[in-house]
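run-v4.txt follows (compact mmCIF, C-alpha atoms and all ligand atoms):
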# COMPACT_ATOMS: atom_id res chain seq x y z
CA MET W 1 7.49 -2.97 31.54
CA ASN W 2 5.27 0.09 32.18
CA PRO W 3 3.39 1.64 29.27
CA VAL W 4 5.79 3.69 27.14
CA PRO W 5 4.70 7.35 27.09
CA SER W 6 4.30 9.25 23.83
CA SER W 7 6.26 12.42 23.28
CA ASP W 8 4.92 15.58 24.96
CA ARG W 9 4.24 17.04 21.52
CA MET W 10 1.52 14.42 20.95
CA GLU W 11 -0.47 15.47 24.00
CA ASN W 12 -2.76 17.96 22.24
CA VAL W 13 -2.91 16.23 18.85
CA HIS W 14 -6.51 15.29 18.08
CA SER W 15 -8.58 14.08 15.16
CA ASP W 16 -12.26 14.08 15.96
CA ILE W 17 -13.14 13.37 12.32
CA ARG W 18 -11.73 9.92 12.97
CA GLY W 19 -11.87 10.12 16.79
CA PRO W 20 -13.78 8.28 19.55
CA VAL W 21 -17.26 8.86 18.07
CA PHE W 22 -15.97 7.59 14.73
CA GLU W 23 -14.57 4.51 16.49
CA LYS W 24 -17.97 3.89 18.06
CA ALA W 25 -19.53 4.18 14.59
CA MET W 26 -17.05 1.63 13.24
CA GLN W 27 -18.00 -0.79 16.06
CA MET W 28 -21.63 -0.35 15.03
CA VAL W 29 -20.72 -1.04 11.40
CA SER W 30 -18.86 -4.22 12.46
CA ALA W 31 -22.00 -5.27 14.32
CA GLY W 32 -23.93 -5.00 11.05
CA ILE W 33 -25.53 -1.57 11.62
CA ASP W 34 -25.78 0.67 8.59
CA VAL W 35 -24.26 4.03 9.64
CA LEU W 36 -24.59 7.08 7.40
CA ARG W 37 -21.12 8.61 7.55
CA LEU W 38 -21.38 12.37 7.23
CA ASN W 39 -18.00 12.79 8.90
CA THR W 40 -15.35 12.82 6.17
CA GLY W 41 -14.97 14.79 2.96
CA ASN W 42 -14.24 11.71 0.90
CA PRO W 43 -16.38 11.97 -2.25
CA ALA W 44 -15.52 8.48 -3.58
CA THR W 45 -17.44 6.96 -0.62
CA PHE W 46 -20.64 8.41 -2.05
CA GLY W 47 -20.37 7.29 -5.66
CA PHE W 48 -18.38 10.21 -7.06
CA THR W 49 -15.81 8.97 -9.58
CA MET W 50 -12.61 10.45 -10.92
CA PRO W 51 -12.91 12.17 -14.31
CA ASP W 52 -11.98 10.25 -17.46
CA SER W 53 -9.17 12.76 -18.05
CA VAL W 54 -7.49 11.59 -14.85
CA ARG W 55 -8.08 7.89 -15.46
CA THR W 56 -6.62 8.12 -18.98
CA ALA W 57 -3.58 10.10 -17.87
CA LEU W 58 -2.86 7.56 -15.15
CA ILE W 59 -3.26 4.46 -17.27
CA SER W 60 -1.44 5.69 -20.35
CA ASN W 61 1.56 7.00 -18.39
CA VAL W 62 1.84 4.42 -15.65
CA ASP W 63 5.26 3.12 -16.75
CA LYS W 64 6.79 6.56 -16.18
CA ALA W 65 6.16 6.28 -12.44
CA VAL W 66 8.20 3.23 -11.51
CA GLY W 67 11.37 5.03 -10.47
CA TYR W 68 11.94 7.71 -7.84
CA CYS W 69 11.13 10.98 -9.56
CA ASP W 70 12.49 14.50 -9.08
CA LEU W 71 12.47 15.20 -5.35
CA LYS W 72 10.29 18.30 -5.77
CA GLY W 73 7.97 16.52 -8.19
CA MET W 74 7.87 15.56 -11.86
CA PRO W 75 8.74 18.53 -14.09
CA ASP W 76 5.57 18.25 -16.22
CA ALA W 77 3.42 18.24 -13.11
CA ARG W 78 5.25 21.18 -11.51
CA LYS W 79 5.03 23.11 -14.77
CA ALA W 80 1.25 22.57 -14.85
CA ILE W 81 0.94 23.63 -11.20
CA CYS W 82 3.10 26.69 -11.80
CA ASP W 83 1.00 27.70 -14.83
CA TYR W 84 -2.17 27.24 -12.77
CA HIS W 85 -1.01 29.58 -10.00
CA VAL W 86 0.51 32.13 -12.38
CA GLY W 87 -2.94 32.13 -14.03
CA LYS W 88 -4.39 33.03 -10.65
CA GLY W 89 -2.03 35.97 -10.25
CA ILE W 90 1.08 34.60 -8.49
CA LEU W 91 3.09 36.15 -11.26
CA ASP W 92 6.69 35.49 -10.24
CA LEU W 93 6.21 31.84 -9.35
CA THR W 94 8.56 29.37 -11.05
CA MET W 95 8.50 25.59 -11.25
CA ASP W 96 11.36 25.50 -8.75
CA ASP W 97 9.13 27.07 -6.08
CA VAL W 98 6.65 24.18 -6.27
CA PHE W 99 6.83 21.02 -4.13
CA ILE W 100 4.54 18.07 -4.78
CA GLY W 101 3.78 15.74 -1.90
CA ASN W 102 1.55 12.98 -0.66
CA GLY W 103 -1.48 15.19 -0.22
CA VAL W 104 -1.67 18.68 1.20
CA SER W 105 -1.32 16.91 4.56
CA GLU W 106 2.30 15.97 3.90
CA VAL W 107 3.40 19.31 2.51
CA VAL W 108 1.81 21.15 5.47
CA ASN W 109 3.93 19.02 7.78
CA MET W 110 7.07 19.77 5.78
CA ALA W 111 6.32 23.48 5.44
CA MET W 112 5.72 24.00 9.14
CA THR W 113 8.98 22.23 9.90
CA THR W 114 10.77 24.80 7.75
CA PHE W 115 9.56 27.92 9.54
CA LEU W 116 8.38 27.10 13.08
CA ASN W 117 10.68 26.90 16.08
CA PRO W 118 9.59 25.43 19.40
CA GLY W 119 7.76 28.18 21.30
CA ASP W 120 6.69 30.07 18.17
CA GLU W 121 3.04 30.97 17.70
CA MET W 122 0.98 30.54 14.57
CA LEU W 123 -2.42 32.17 14.07
CA ILE W 124 -4.95 29.56 12.98
CA PRO W 125 -8.68 30.02 12.38
CA SER W 126 -11.38 28.75 14.69
CA PRO W 127 -13.18 26.79 13.44
CA SER W 128 -10.66 25.01 11.25
CA TYR W 129 -9.63 21.66 9.85
CA SER W 130 -7.57 20.08 12.64
CA LEU W 131 -4.56 19.20 10.46
CA TRP W 132 -3.24 22.70 11.06
CA THR W 133 -3.42 22.91 14.85
CA ASN W 134 -2.06 19.38 15.06
CA MET W 135 0.92 20.18 12.85
CA ALA W 136 1.67 23.25 14.96
CA TYR W 137 1.76 21.07 18.09
CA ILE W 138 3.97 18.54 16.33
CA ALA W 139 6.38 21.33 15.38
CA GLY W 140 6.56 22.22 19.09
CA ALA W 141 4.81 25.53 18.40
CA THR W 142 1.59 26.97 19.83
CA PRO W 143 -1.47 27.36 17.62
CA VAL W 144 -3.19 30.60 18.59
CA LEU W 145 -6.81 30.51 17.48
CA TYR W 146 -8.46 33.54 15.95
CA ARG W 147 -12.18 33.64 15.56
CA CYS W 148 -14.13 33.45 12.34
CA ASP W 149 -17.38 35.36 12.63
CA GLU W 150 -20.60 33.55 11.89
CA ALA W 151 -22.45 36.88 11.78
CA SER W 152 -20.17 38.01 8.91
CA GLU W 153 -20.39 35.00 6.59
CA TRP W 154 -17.83 33.20 8.72
CA TYR W 155 -15.10 35.61 7.60
CA PRO W 156 -12.01 35.86 9.80
CA ASP W 157 -12.42 38.47 12.53
CA VAL W 158 -9.58 40.77 11.53
CA ALA W 159 -9.63 42.66 14.84
CA ASP W 160 -9.24 39.36 16.69
CA ILE W 161 -6.21 38.50 14.53
CA ARG W 162 -4.65 41.85 15.38
CA ARG W 163 -5.32 41.38 19.11
CA LYS W 164 -3.61 38.01 19.10
CA ILE W 165 -0.31 38.99 17.50
CA THR W 166 2.60 38.73 19.95
CA PRO W 167 6.40 38.93 19.52
CA LYS W 168 6.32 35.13 19.12
CA THR W 169 3.91 35.10 16.16
CA ARG W 170 5.55 33.67 13.03
CA ALA W 171 2.70 33.06 10.61
CA ILE W 172 -0.98 33.53 9.87
CA LEU W 173 -3.04 30.79 8.23
CA ILE W 174 -6.20 31.27 6.24
CA ILE W 175 -8.19 28.32 4.92
CA ASN W 176 -10.05 29.69 1.92
CA PRO W 177 -12.51 28.25 1.00
CA ASN W 178 -12.86 27.05 4.54
CA ASN W 179 -13.39 23.66 6.05
CA PRO W 180 -15.70 23.31 8.06
CA THR W 181 -17.74 26.43 7.17
CA GLY W 182 -17.59 26.35 3.35
CA SER W 183 -17.03 30.12 3.46
CA LEU W 184 -15.30 31.85 0.54
CA TYR W 185 -13.43 34.98 1.58
CA SER W 186 -13.73 38.34 -0.17
CA LYS W 187 -10.73 40.09 -1.66
CA ASP W 188 -11.21 42.84 0.90
CA VAL W 189 -10.94 40.58 3.93
CA ILE W 190 -7.88 38.78 2.50
CA GLU W 191 -6.24 42.15 1.86
CA GLN W 192 -6.81 43.18 5.47
CA ILE W 193 -5.17 40.00 6.75
CA VAL W 194 -2.26 40.35 4.33
CA GLN W 195 -1.78 43.90 5.62
CA ILE W 196 -1.40 42.58 9.18
CA ALA W 197 1.21 40.08 7.96
CA ARG W 198 2.99 42.92 6.18
CA GLU W 199 3.05 45.17 9.25
CA HIS W 200 4.34 42.41 11.53
CA LYS W 201 6.65 40.66 9.02
CA LEU W 202 4.79 37.36 9.19
CA ILE W 203 4.60 34.44 6.81
CA MET W 204 1.17 33.96 5.19
CA CYS W 205 -0.10 30.41 4.75
CA SER W 206 -3.11 29.90 2.52
CA ASP W 207 -4.81 26.50 2.28
CA GLU W 208 -6.71 26.67 -1.00
CA ILE W 209 -7.53 23.01 -1.56
CA TYR W 210 -11.20 23.89 -2.26
CA ASP W 211 -10.51 26.77 -4.68
CA ARG W 212 -11.98 24.90 -7.66
CA LEU W 213 -15.17 24.04 -5.74
CA VAL W 214 -16.64 27.54 -5.59
CA MET W 215 -20.34 27.92 -6.38
CA ASP W 216 -22.85 30.65 -7.22
CA GLU W 217 -20.59 32.17 -9.89
CA LEU W 218 -18.30 33.57 -7.23
CA GLU W 219 -14.57 33.76 -7.75
CA HIS W 220 -11.73 32.59 -5.57
CA VAL W 221 -8.98 35.11 -4.91
CA SER W 222 -5.51 33.74 -4.31
CA THR W 223 -3.84 35.20 -1.20
CA ALA W 224 -0.39 35.15 -2.79
CA ALA W 225 -1.66 37.21 -5.73
CA LEU W 226 -2.44 40.00 -3.25
CA ALA W 227 0.91 39.72 -1.48
CA PRO W 228 3.82 39.62 -3.95
CA ASP W 229 5.93 41.44 -1.34
CA LEU W 230 5.47 38.76 1.35
CA PRO W 231 6.52 35.16 1.84
CA VAL W 232 3.36 33.18 1.08
CA PHE W 233 2.88 29.40 1.27
CA THR W 234 -0.02 28.35 -0.97
CA PHE W 235 -1.38 24.81 -0.52
CA ASN W 236 -3.55 23.01 -3.04
CA GLY W 237 -4.22 19.53 -4.38
CA LEU W 238 -6.46 17.24 -6.36
CA SER W 239 -8.09 15.20 -3.57
CA LYS W 240 -11.44 16.99 -3.67
CA SER W 241 -11.66 18.73 -7.04
CA HIS W 242 -10.83 15.56 -8.97
CA ILE W 243 -12.20 12.94 -6.55
CA VAL W 244 -8.84 11.31 -5.92
CA CYS W 245 -8.39 11.60 -2.13
CA GLY W 246 -6.73 8.19 -2.09
CA PHE W 247 -4.10 9.18 -4.66
CA ARG W 248 -2.56 11.51 -2.04
CA CYS W 249 -1.84 14.37 -4.40
CA GLY W 250 -1.11 17.82 -3.00
CA TRP W 251 1.41 20.58 -3.42
CA LEU W 252 2.93 23.72 -1.98
CA ALA W 253 3.91 26.84 -3.92
CA ILE W 254 6.23 29.28 -2.13
CA SER W 255 6.10 32.84 -3.40
CA GLY W 256 7.46 36.22 -2.40
CA PRO W 257 10.62 38.27 -2.71
CA ARG W 258 13.51 35.95 -3.65
CA ARG W 259 15.84 37.12 -0.90
CA GLN W 260 13.15 36.41 1.70
CA ILE W 261 12.09 32.96 0.51
CA GLY W 262 15.42 31.49 -0.60
CA GLY W 263 16.19 29.88 2.78
CA LEU W 264 12.68 28.44 3.10
CA ILE W 265 12.91 26.89 -0.36
CA ALA W 266 16.32 25.43 0.50
CA SER W 267 14.87 23.91 3.69
CA MET W 268 11.88 22.49 1.85
CA THR W 269 14.28 21.00 -0.70
CA LYS W 270 16.20 19.24 2.09
CA LEU W 271 12.99 17.83 3.54
CA ALA W 272 11.78 16.74 0.10
CA ALA W 273 15.12 15.01 -0.51
CA MET W 274 14.88 13.15 2.80
CA ARG W 275 11.77 11.32 1.64
CA LEU W 276 13.25 10.85 -1.88
CA CYS W 277 10.10 11.92 -3.74
CA GLY W 278 6.33 12.08 -3.50
CA ASN W 279 4.15 9.31 -4.88
CA ALA W 280 5.00 9.40 -8.59
CA LEU W 281 1.78 7.73 -9.78
CA THR W 282 -0.38 10.63 -8.65
CA GLN W 283 1.87 13.16 -10.33
CA LEU W 284 1.17 11.61 -13.72
CA VAL W 285 -2.38 12.96 -13.63
CA ILE W 286 -1.68 16.55 -12.53
CA PRO W 287 -1.28 18.16 -15.99
CA ALA W 288 -4.44 16.49 -17.34
CA ALA W 289 -6.43 17.24 -14.20
CA LEU W 290 -5.55 20.93 -14.12
CA GLU W 291 -6.40 21.21 -17.78
CA ASP W 292 -9.77 19.54 -17.22
CA GLU W 293 -11.71 22.27 -15.44
CA GLU W 294 -15.02 21.12 -16.86
CA SER W 295 -15.49 17.97 -14.81
CA THR W 296 -15.25 19.94 -11.56
CA LYS W 297 -17.44 22.74 -12.87
CA ALA W 298 -20.14 20.23 -13.75
CA LEU W 299 -20.37 19.22 -10.08
CA ILE W 300 -20.80 22.75 -8.73
CA ALA W 301 -23.15 24.22 -11.35
CA PRO W 302 -26.94 24.03 -10.90
CA GLY W 303 -27.88 20.44 -11.75
CA GLY W 304 -24.49 19.17 -10.55
CA ARG W 305 -24.30 16.91 -7.54
CA ILE W 306 -22.43 19.19 -5.15
CA TYR W 307 -24.68 22.15 -5.91
CA GLU W 308 -27.93 20.18 -5.69
CA GLN W 309 -26.89 18.37 -2.52
CA ARG W 310 -26.24 21.70 -0.82
CA GLU W 311 -29.67 22.95 -1.90
CA ALA W 312 -31.34 19.78 -0.58
CA THR W 313 -29.48 20.05 2.72
CA ILE W 314 -30.43 23.62 3.47
CA LYS W 315 -34.04 23.06 2.40
CA ALA W 316 -34.28 20.22 4.89
CA LEU W 317 -32.48 22.16 7.64
CA ASP W 318 -34.94 25.03 7.24
CA GLN W 319 -37.61 22.72 8.62
CA ILE W 320 -35.82 22.13 11.92
CA GLU W 321 -36.50 24.49 14.77
CA GLY W 322 -33.42 25.25 16.80
CA ILE W 323 -30.88 24.96 13.96
CA THR W 324 -29.53 27.90 11.99
CA TYR W 325 -26.75 28.02 9.43
CA VAL W 326 -24.76 30.24 7.08
CA LYS W 327 -25.12 28.91 3.54
CA ASN W 328 -21.75 27.76 2.21
CA SER W 329 -20.42 29.20 -1.06
CA ALA W 330 -17.82 26.54 -1.63
CA ALA W 331 -16.78 22.96 -0.88
CA PHE W 332 -19.34 20.51 0.51
CA TYR W 333 -19.45 21.38 4.18
CA LEU W 334 -21.94 23.17 6.36
CA PHE W 335 -21.33 24.19 9.97
CA PRO W 336 -24.81 24.70 11.46
CA LYS W 337 -25.51 26.20 14.85
CA ILE W 338 -27.66 24.40 17.33
CA ASP W 339 -29.70 26.21 19.98
CA THR W 340 -27.98 24.87 23.07
CA ARG W 341 -30.57 26.38 25.45
CA LYS W 342 -33.49 24.77 23.69
CA PHE W 343 -31.89 21.33 23.84
CA ASN W 344 -29.94 21.96 27.04
CA ILE W 345 -26.73 20.95 25.21
CA THR W 346 -23.55 21.35 27.22
CA SER W 347 -21.46 18.82 25.30
CA ASP W 348 -21.40 18.76 21.51
CA LYS W 349 -19.53 15.43 21.60
CA LYS W 350 -22.37 13.89 23.60
CA PHE W 351 -24.87 15.31 21.13
CA VAL W 352 -23.18 13.65 18.14
CA LEU W 353 -22.76 10.39 20.08
CA ASP W 354 -26.42 10.35 21.14
CA LEU W 355 -27.45 11.05 17.53
CA LEU W 356 -25.23 8.26 16.27
CA GLU W 357 -26.67 5.75 18.73
CA SER W 358 -30.25 6.80 18.10
CA LYS W 359 -30.31 7.46 14.33
CA HIS W 360 -27.09 5.86 13.04
CA ILE W 361 -25.94 9.16 11.54
CA LEU W 362 -22.33 10.20 12.08
CA LEU W 363 -21.52 13.92 12.32
CA VAL W 364 -18.47 15.69 13.72
CA ALA W 365 -18.91 17.99 16.73
CA GLY W 366 -17.81 21.62 16.35
CA SER W 367 -15.18 21.14 19.05
CA GLY W 368 -13.41 18.78 16.62
CA PHE W 369 -12.64 21.90 14.58
CA ASP W 370 -11.26 23.84 17.54
CA TRP W 371 -14.56 25.67 18.00
CA PRO W 372 -14.80 26.67 21.67
CA GLU W 373 -18.55 26.40 22.32
CA PRO W 374 -20.71 23.25 22.23
CA ASP W 375 -23.12 24.79 19.72
CA HIS W 376 -22.03 23.64 16.25
CA PHE W 377 -21.56 20.51 14.20
CA ARG W 378 -20.34 19.82 10.66
CA ILE W 379 -22.35 18.09 7.96
CA VAL W 380 -20.58 16.65 4.93
CA MET W 381 -22.99 17.10 2.02
CA LEU W 382 -21.72 14.28 -0.18
CA PRO W 383 -24.51 11.68 -0.23
CA GLU W 384 -27.22 11.97 -2.92
CA SER W 385 -29.83 14.68 -2.25
CA LYS W 386 -32.53 12.21 -1.26
CA VAL W 387 -30.28 10.56 1.31
CA LEU W 388 -29.25 13.93 2.74
CA SER W 389 -32.84 15.18 2.99
CA GLY W 390 -33.83 11.95 4.73
CA ALA W 391 -30.90 12.16 7.15
CA ILE W 392 -31.71 15.74 8.08
CA GLN W 393 -35.34 14.85 8.70
CA GLU W 394 -34.05 12.14 11.02
CA ILE W 395 -31.90 14.72 12.84
CA GLY W 396 -35.04 16.89 13.21
CA ASP W 397 -36.96 13.92 14.54
CA PHE W 398 -34.18 13.17 17.03
CA LEU W 399 -34.07 16.78 18.23
CA SER W 400 -37.84 16.96 18.69
CA THR W 401 -37.47 15.09 21.98
CA TYR W 402 -33.76 15.55 22.74
CA ARG W 403 -32.65 17.25 25.93
CA GLN W 404 -29.23 16.72 27.46
CA GLU W 405 -29.24 15.79 31.16
C1 LIG W 501 -8.78 22.40 4.46
C2 LIG W 501 -8.08 21.11 4.15
N1 LIG W 501 -6.75 21.12 3.95
C3 LIG W 501 -6.08 19.99 3.68
C4 LIG W 501 -6.74 18.78 3.59
C5 LIG W 501 -5.91 17.55 3.30
O1 LIG W 501 -6.00 17.19 1.97
P1 LIG W 501 -5.08 16.08 1.28
O2 LIG W 501 -6.01 14.98 0.89
O3 LIG W 501 -4.51 16.77 0.09
O4 LIG W 501 -4.05 15.67 2.25
C6 LIG W 501 -8.12 18.72 3.77
C7 LIG W 501 -8.83 17.43 3.72
O5 LIG W 501 -10.00 17.31 4.00
C8 LIG W 501 -8.81 19.92 4.07
O6 LIG W 501 -10.13 19.94 4.27
Starting from the file, give its structure as structure tokens.
Ligand SMILES: Cc1ncc(COP(=O)(O)O)c(C=O)c1O
Amino acid sequence: MNPVPSSDRMENVHSDIRGPVFEKAMQMVSAGIDVLRLNTGNPATFGFTMPDSVRTALISNVDKAVGYCDLKGMPDARKAICDYHVGKGILDLTMDDVFIGNGVSEVVNMAMTTFLNPGDEMLIPSPSYSLWTNMAYIAGATPVLYRCDEASEWYPDVADIRRKITPKTRAILIINPNNPTGSLYSKDVIEQIVQIAREHKLIMCSDEIYDRLVMDELEHVSTAALAPDLPVFTFNGLSKSHIVCGFRCGWLAISGPRRQIGGLIASMTKLAAMRLCGNALTQLVIPAALEDEESTKALIAPGGRIYEQREATIKALDQIEGITYVKNSAAFYLFPKIDTRKFNITSDKKFVLDLLESKHILLVAGSGFDWPEPDHFRIVMLPESKVLSGAIQEIGDFLSTYRQE
């Protein structure tokens, strides 16, 4: 029998974070080579541990999670999530508007199924975490990339968003704080994007999974709080803020005028019912985790690991000629620019592969985040400061002689 083809919708689906360069790295690891993996935002890999609050909540409640739970999520957990978002200004949100799933990844899939028809367009940032473009393809829709502007702190280019609206546009996504740039958006820029959605009657999607990882005493502004008159899908979860990526704990809160969002909530409810419920074990920890703000704050304050690792990274990068960057205000990612002329780089994928083979350091090329030019890469700043400084010196050493053919 001939090879069985995949569906057409899979053609553009890509995951460079775990793509061909990652596979090469895994072959090297199998061959006994020690590879420094700066490719995934998985804090547990680098010695971060979940807070005691989460561990205690899980262990002391474990027996409550043996049955299927409420299809939208356990009431205590949804109440805690609802209180959290009301506290951030989504004033009319109720527990019934909250859906808990197996990570933000699952609820993004479900949400996009509720509002995208084949042929629809969705505005998605470039660069961005590839989950979103992939889910648009899977929904049979077209992701239309708008540019984020490195010269303006990586904020979305609002004029570019406006230019790219067509009669087929259904929704605008912002990822704030952003992966891969670590940029935190100002209230002003969010308001401008919300205004475009308002004028064109679009759904706003706001991926806020890094909202508790904001540094430098800055404050995260919730998109939905600025748009009570619009349908807004707000995504959040505990993977990063509470070091429990493997628990698969994320949620969606749908806000906006009741008559506009009723059908979307009904569709989400059908999808939630189809998979019976989300993982109940993870839901046990949500109330305790959202109450425990201190453990996350300790990581992002001066002296905390995430803060200090960022400082060590940028100090080391400052020593490398041919690399520039915009300092991140949130999360643990940096998206530096590489001088492609100096190093004659025409392929960012080849650059990260050559670096991997030479220095055993695994990065992700900018193109893996739907960035159109070969001039960026993402660093995950999760290893200890000393390890990061050493790795960046190695990158500098590699670049001192590197020229692409
Ligand atoms: C911006 C963004 N959204 C969503 C996710 C998925 O998170 P989860 O672990 O909740 O599925 C990630 C994971 O890295 C992310 O960076």
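Residue nearest Leu382 in chain W, chosen from W:Lys270, W:His14, W:Lys187, W:Arg37 and counting all atoms listed in the file: W:Arg37.
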| message | I want to know what sits within 7 Å of range 51-59 of chain W, based on only C-alpha atoms, with residues of the same chain fewer than 6 positions away left out; could you give that as a PyMOL selection string? | response | chain W and resi 242+284-285+288-289+292+295
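Ranking W:Cys148, W:Leu36, W:Ala298, W:Met204 by their shortest atom-to-atom distance to Phe335 in chain W, with all atoms listed in the file included, puts W:Cys148 first.
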Would you pick out the contacts of Thr169 in chain W at 10 Å or less, using only C-alpha atoms, so that residues sharing its chain but fewer than 4 positions from it are not included, and give the list as a PyMOL selection string?
chain W and resi 116+119-123+141-144+164-165+197+200-203
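Remark: for ligand LIG 501 (chain W), the closest of the candidate residues W:Ala301, W:Leu131, W:Leu362, W:Ile161 is W:Leu131 (distances computed over only C-alpha atoms and all ligand atoms).
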re CA of Thr45 in chain W and CA of Ala312 in chain W: distance 18.9 Å
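Using all atoms listed in the file, the residues found no farther than 8 Å from range 348-355 of chain W, other than those of its own chain fewer than 2 positions away, are Val21, Ile345, Thr346, Glu357, Ser358, Lys359, His360, Ile361, Leu362, Leu363, Val364, Ala365, Gly366, Ser367, Pro374, Asp375, His376, Phe377, Ile395, Phe398 and Gln404 of chain W.
Distance-wise, CA of Val98 in chain W and CA of Met74 in chain W end up 10.3 Å apart.
Close contacts of range 81-93 of chain W, defined as residues with an atom at most 6 Å away when counting only C-alpha atoms, with chain neighbours fewer than 2 positions off set aside, comprise Arg78, Lys79, Met95, Ala224 and Ala225 of chain W.
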*All residues within 6 Å of ligand LIG 501 (chain W) are required, counting only C-alpha atoms and all ligand atoms; please report them as a ChimeraX atom specification.*
/W:41,103-105,129,175,179,207,209,237,239,245,248-250
For Ala227 in chain W, find every residue with an atom within 8 Å (counting only C-alpha atoms), except residues of its own chain fewer than 4 positions away, and show them as a VMD selection string.
chain W and resid 194 223 231 to 232 256
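The space between CA of Arg170 in chain W and CA of Pro372 in chain W spans 23.2 Å.
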Please return, as a compact mmCIF listing (two decimals) with C-alpha atoms, in the frame of the given file, all polymer residues that have at least one atom within 10 Å of the point (-28.2, 20.8, 0.1); use only C-alpha atoms and the file's own coordinate frame.
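Result written to selection_12.txt:
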# COMPACT_ATOMS: atom_id res chain seq x y z
CA ARG W 305 -24.30 16.91 -7.54
CA ILE W 306 -22.43 19.19 -5.15
CA TYR W 307 -24.68 22.15 -5.91
CA GLU W 308 -27.93 20.18 -5.69
CA GLN W 309 -26.89 18.37 -2.52
CA ARG W 310 -26.24 21.70 -0.82
CA GLU W 311 -29.67 22.95 -1.90
CA ALA W 312 -31.34 19.78 -0.58
CA THR W 313 -29.48 20.05 2.72
CA ILE W 314 -30.43 23.62 3.47
CA LYS W 315 -34.04 23.06 2.40
CA ALA W 316 -34.28 20.22 4.89
CA LEU W 317 -32.48 22.16 7.64
CA LYS W 327 -25.12 28.91 3.54
CA ASN W 328 -21.75 27.76 2.21
CA PHE W 332 -19.34 20.51 0.51
CA TYR W 333 -19.45 21.38 4.18
CA LEU W 334 -21.94 23.17 6.36
CA VAL W 380 -20.58 16.65 4.93
CA MET W 381 -22.99 17.10 2.02
CA LEU W 382 -21.72 14.28 -0.18
CA PRO W 383 -24.51 11.68 -0.23
CA GLU W 384 -27.22 11.97 -2.92
CA SER W 385 -29.83 14.68 -2.25
CA LYS W 386 -32.53 12.21 -1.26
CA LEU W 388 -29.25 13.93 2.74
CA SER W 389 -32.84 15.18 2.99
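Of the residues under consideration (W:Ala331, W:Leu38, W:Met10, W:Ala31), W:Leu38 shows the shortest atom-to-atom contact distance to Val387 in chain W when counting all atoms listed in the file.
Of the residues listed (W:Arg378, W:Arg147, W:Arg162, W:Arg212), W:Arg147 shows the shortest atom-to-atom separation from Ser126 in chain W; distances use all atoms listed in the file.
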Counting all atoms listed in the file, write as number ranges by chain all protein and nucleic acid residues lying at most 9 Å from (1.1, 4.5, -5.7) in the file's frame. W: 65, 247-248, 279-282
Phe99 in chain W proximity check over W:Asn12, W:Ser222, W:Ser241, W:Asn236, using only C-alpha atoms: winner is W:Asn236
Since the input lacks atoms, please generate N, CA and C atoms for range 194-205 of chain W and provide them as a PDB file, keeping the file's coordinate frame.
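Dumped to result13.pdb:
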ATOM      1  N   VAL W 194      -3.602  40.197   4.928  1.00  0.00           N
ATOM      2  CA  VAL W 194      -2.260  40.350   4.330  1.00  0.00           C
ATOM      3  C   VAL W 194      -1.579  41.602   4.886  1.00  0.00           C
ATOM      4  N   GLN W 195      -2.354  42.644   5.094  1.00  0.00           N
ATOM      5  CA  GLN W 195      -1.780  43.900   5.620  1.00  0.00           C
ATOM      6  C   GLN W 195      -1.218  43.687   7.040  1.00  0.00           C
ATOM      7  N   ILE W 196      -1.910  42.867   7.821  1.00  0.00           N
ATOM      8  CA  ILE W 196      -1.400  42.580   9.180  1.00  0.00           C
ATOM      9  C   ILE W 196      -0.068  41.824   9.065  1.00  0.00           C
ATOM     10  N   ALA W 197      -0.037  40.846   8.157  1.00  0.00           N
ATOM     11  CA  ALA W 197       1.210  40.080   7.960  1.00  0.00           C
ATOM     12  C   ALA W 197       2.334  41.018   7.538  1.00  0.00           C
ATOM     13  N   ARG W 198       1.986  41.955   6.687  1.00  0.00           N
ATOM     14  CA  ARG W 198       2.990  42.920   6.180  1.00  0.00           C
ATOM     15  C   ARG W 198       3.539  43.763   7.333  1.00  0.00           C
ATOM     16  N   GLU W 199       2.622  44.284   8.140  1.00  0.00           N
ATOM     17  CA  GLU W 199       3.050  45.170   9.250  1.00  0.00           C
ATOM     18  C   GLU W 199       3.931  44.429  10.256  1.00  0.00           C
ATOM     19  N   HIS W 200       3.623  43.147  10.473  1.00  0.00           N
ATOM     20  CA  HIS W 200       4.340  42.410  11.530  1.00  0.00           C
ATOM     21  C   HIS W 200       5.381  41.433  10.981  1.00  0.00           C
ATOM     22  N   LYS W 201       5.635  41.510   9.664  1.00  0.00           N
ATOM     23  CA  LYS W 201       6.650  40.660   9.020  1.00  0.00           C
ATOM     24  C   LYS W 201       6.388  39.174   9.284  1.00  0.00           C
ATOM     25  N   LEU W 202       5.176  38.756   8.962  1.00  0.00           N
ATOM     26  CA  LEU W 202       4.790  37.360   9.190  1.00  0.00           C
ATOM     27  C   LEU W 202       4.692  36.611   7.875  1.00  0.00           C
ATOM     28  N   ILE W 203       4.829  35.303   7.971  1.00  0.00           N
ATOM     29  CA  ILE W 203       4.600  34.440   6.810  1.00  0.00           C
ATOM     30  C   ILE W 203       3.101  34.243   6.671  1.00  0.00           C
ATOM     31  N   MET W 204       2.587  34.295   5.429  1.00  0.00           N
ATOM     32  CA  MET W 204       1.170  33.960   5.190  1.00  0.00           C
ATOM     33  C   MET W 204       1.100  32.514   4.692  1.00  0.00           C
ATOM     34  N   CYS W 205       0.199  31.734   5.283  1.00  0.00           N
ATOM     35  CA  CYS W 205      -0.100  30.410   4.750  1.00  0.00           C
ATOM     36  C   CYS W 205      -1.530  30.433   4.263  1.00  0.00           C
TER      37      CYS W 205
END
